[in-house]
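This report concerns only the one structure given below.
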Amino acid sequence: MLHSNVYNYNSRNERSAIAYIDKLFTHHAKLLPVRIDLGYKSNNSVNQLTTMDNHLPHAYLTQENIITNWTHLLNKLRWNTRSFLKELVGYMWKIEYGLEKGIHYHIMLFFNGNRVQKDYYYADELGKLWLDITNRQGTYFNCSVDKQTRYSNNNCLRVFHRDEERTNLYCAARYLTKIDDNEEIARQLSEGRVFGKGC
């Protein structure tokens with residue numbers, strides 16, 4: 001399950017994430033949360049094995065490549081520069097590093113639920129934007145795929161009304177505040193920050 005109790009959480013970030021959601025609801029009667037995971041193709045997928053250190057999951061990328069791509073994406077979110085981001089009202093993110101998966105990102109977007117309802121569409125559009133930014137070296141997973149089976153009664157990928165129970169929504173946001181074994185590597189590849197949110 002997405003928010004298993006086996007994780008350790010950064011309590012300050014957890015409080016900040018929940019307060020951020022509550023703040024968004026003070027300005028919007030309805031919110032549509034959207035979740036997506038972003039990453040990079042494996043070394044094998046880019047066919048550059050002869051020139052790479054294959055002990056690294058994405059040996060074809062430099063630290064500068066990784067930081068530039070991520071900064072580019074965040075700027076798109078900050079300035080809503082694509083038409084599908086027109087109703088974006090907030091977002092939060094977590095950067096992680098896995099020994100096999102390499103650098104990857106968990107993102108939660110919040111759209112004006114009075115204007116939009118198709119969470120799958122918005123996640124897919126952000127994934128396509130990531131592929132463009134990374135020159136097709138990126139990958140993405142749309143968390144709305146088969147969400148009823150994956151999340152069952154804990155589904156938060158739907159329109160939420162301001163006055164309804166937010167436990168599932170908080171739980172999904174809390175996942176973005178978990179502490180990882182390889183956090184220091186993630187920090188090195190992200191200019192020091194592994195958790196953040198919009199204004």
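By convention here, the chains of the structure tokens are called A, B, ... in the order presented, each chain's residues are numbered starting at 1, and ligands are numbered starting at 1 in the order presented.
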Within 12 Å of region 173-180 of chain A, which residues of region 23-128 of chain A come that close, and what is the closest atom pair and distance in Å for each? Count only C-alpha atoms and give it as CSV.
```
residue,atom,partner,partner_atom,distance
A:Pro33,CA,A:Ala173,CA,9.8
A:Val34,CA,A:Ala173,CA,10.9
A:Arg35,CA,A:Ala173,CA,9.7
A:Ile36,CA,A:Leu176,CA,11.6
A:Asp37,CA,A:Leu176,CA,11.1
A:Tyr91,CA,A:Ala173,CA,10.2
A:Met92,CA,A:Leu176,CA,8.0
A:Trp93,CA,A:Leu176,CA,6.5
A:Lys94,CA,A:Leu176,CA,5.3
A:Ile95,CA,A:Leu176,CA,8.5
A:Glu96,CA,A:Asp180,CA,7.2
A:Tyr97,CA,A:Asp180,CA,8.1
A:Gly98,CA,A:Asp180,CA,9.0
A:Leu99,CA,A:Asp180,CA,11.5
A:Tyr105,CA,A:Leu176,CA,9.5
A:His106,CA,A:Leu176,CA,6.9
A:Ile107,CA,A:Leu176,CA,8.0
A:Met108,CA,A:Ala173,CA,7.4
A:Leu109,CA,A:Ala173,CA,10.3
A:Phe110,CA,A:Ala173,CA,11.2
```
Enumerate, as an MDAnalysis selection string, the complete set of residues in chain A that a backbone-based DSSP assignment places in helix (DSSP H, G or I).
chainID A and resid 11:27 43:46 49:51 63:79 83:85 119:133 147:154 167:175 183:188
So that I can see what lies close to Leu169 (chain A), please list as a list in words the residues with an atom at most 10 Å from it, counting only C-alpha atoms and leaving out residues fewer than 6 positions away in the same chain.
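Non-adjacent residues within range: Ile18, Ile21, Pro33, Asn154, Asn155, Cys156, Leu157, Arg158 and Phe160 of chain A.
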Keeping only N, CA and C atoms, write those residues as a PDB file, in the first residue's frame.
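New file again03.pdb:
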```pdb
ATOM      1  N   ILE A  18       0.716  18.818   5.102  1.00  0.00           N
ATOM      2  CA  ILE A  18      -0.691  18.846   5.509  1.00  0.00           C
ATOM      3  C   ILE A  18      -1.204  20.283   5.598  1.00  0.00           C
ATOM      4  N   ILE A  21      -1.920  21.612   2.098  1.00  0.00           N
ATOM      5  CA  ILE A  21      -3.206  21.150   1.558  1.00  0.00           C
ATOM      6  C   ILE A  21      -4.350  21.951   2.170  1.00  0.00           C
ATOM      7  N   PRO A  33      -6.467  16.153  -6.772  1.00  0.00           N
ATOM      8  CA  PRO A  33      -5.070  15.735  -6.637  1.00  0.00           C
ATOM      9  C   PRO A  33      -4.676  14.814  -7.800  1.00  0.00           C
ATOM     10  N   ASN A 154      -8.682   3.663  -0.167  1.00  0.00           N
ATOM     11  CA  ASN A 154      -7.755   4.742   0.183  1.00  0.00           C
ATOM     12  C   ASN A 154      -7.477   5.674  -0.991  1.00  0.00           C
ATOM     13  N   ASN A 155      -8.294   5.590  -2.029  1.00  0.00           N
ATOM     14  CA  ASN A 155      -8.074   6.399  -3.225  1.00  0.00           C
ATOM     15  C   ASN A 155      -8.184   7.895  -2.923  1.00  0.00           C
ATOM     16  N   CYS A 156      -7.154   8.622  -3.286  1.00  0.00           N
ATOM     17  CA  CYS A 156      -7.206  10.082  -3.129  1.00  0.00           C
ATOM     18  C   CYS A 156      -7.172  10.781  -4.483  1.00  0.00           C
ATOM     19  N   LEU A 157      -7.171  10.018  -5.566  1.00  0.00           N
ATOM     20  CA  LEU A 157      -7.051  10.608  -6.895  1.00  0.00           C
ATOM     21  C   LEU A 157      -8.441  10.847  -7.486  1.00  0.00           C
ATOM     22  N   ARG A 158      -9.124  11.792  -6.872  1.00  0.00           N
ATOM     23  CA  ARG A 158     -10.478  12.174  -7.266  1.00  0.00           C
ATOM     24  C   ARG A 158     -10.717  13.582  -6.753  1.00  0.00           C
ATOM     25  N   PHE A 160     -11.850  16.327  -4.397  1.00  0.00           N
ATOM     26  CA  PHE A 160     -12.174  16.468  -2.979  1.00  0.00           C
ATOM     27  C   PHE A 160     -12.905  17.783  -2.749  1.00  0.00           C
TER      28      PHE A 160
END
```
With only C-alpha atoms as the basis for distance, which of A:Tyr7, A:Ile103, A:Gly90, A:Leu38 is at the shortest distance from Thr62 (chain A)?
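Among the listed residues, the smallest separation from Thr62 (chain A) belongs to A:Ile103.
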Counting only C-alpha atoms, which of A:Trp70, A:His104, A:Phe195, A:Phe141 gets nearest to Asn10 (chain A)?
A:Phe195
Mind checking which residues fall within 8 Å of Val89 (chain A), counting only C-alpha atoms, ignoring those fewer than 3 positions away in the same chain, and posting them as number ranges by chain?
A: 24, 110-112
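Close contacts of Arg136 (chain A), defined as residues with an atom at most 10 Å away when counting only C-alpha atoms, with chain neighbours fewer than 6 positions off set aside, comprise A:Tyr40, A:Lys41, A:Val46, A:Lys128, A:Leu129, A:Trp130.
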One decimal place gives the CA of Val145 (chain A)-CA of Lys30 (chain A) separation as 22.1 Å
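Nearest residue to Tyr122 (chain A) among A:Asn142, A:Asn8, A:Asn75, A:Asn44 is A:Asn142, counting only C-alpha atoms.
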Rounded to one decimal, what separation in Å do you get between CA of Gly113 (chain A) and CA of Glu87 (chain A)?
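These atoms are spaced 8.6 Å apart.
The shortest atom-to-atom distance to Asn69 (chain A), with only C-alpha atoms taken into account, belongs to A:Asn135 out of A:Ser42, A:Asn135, A:Ser83, A:Asn182.
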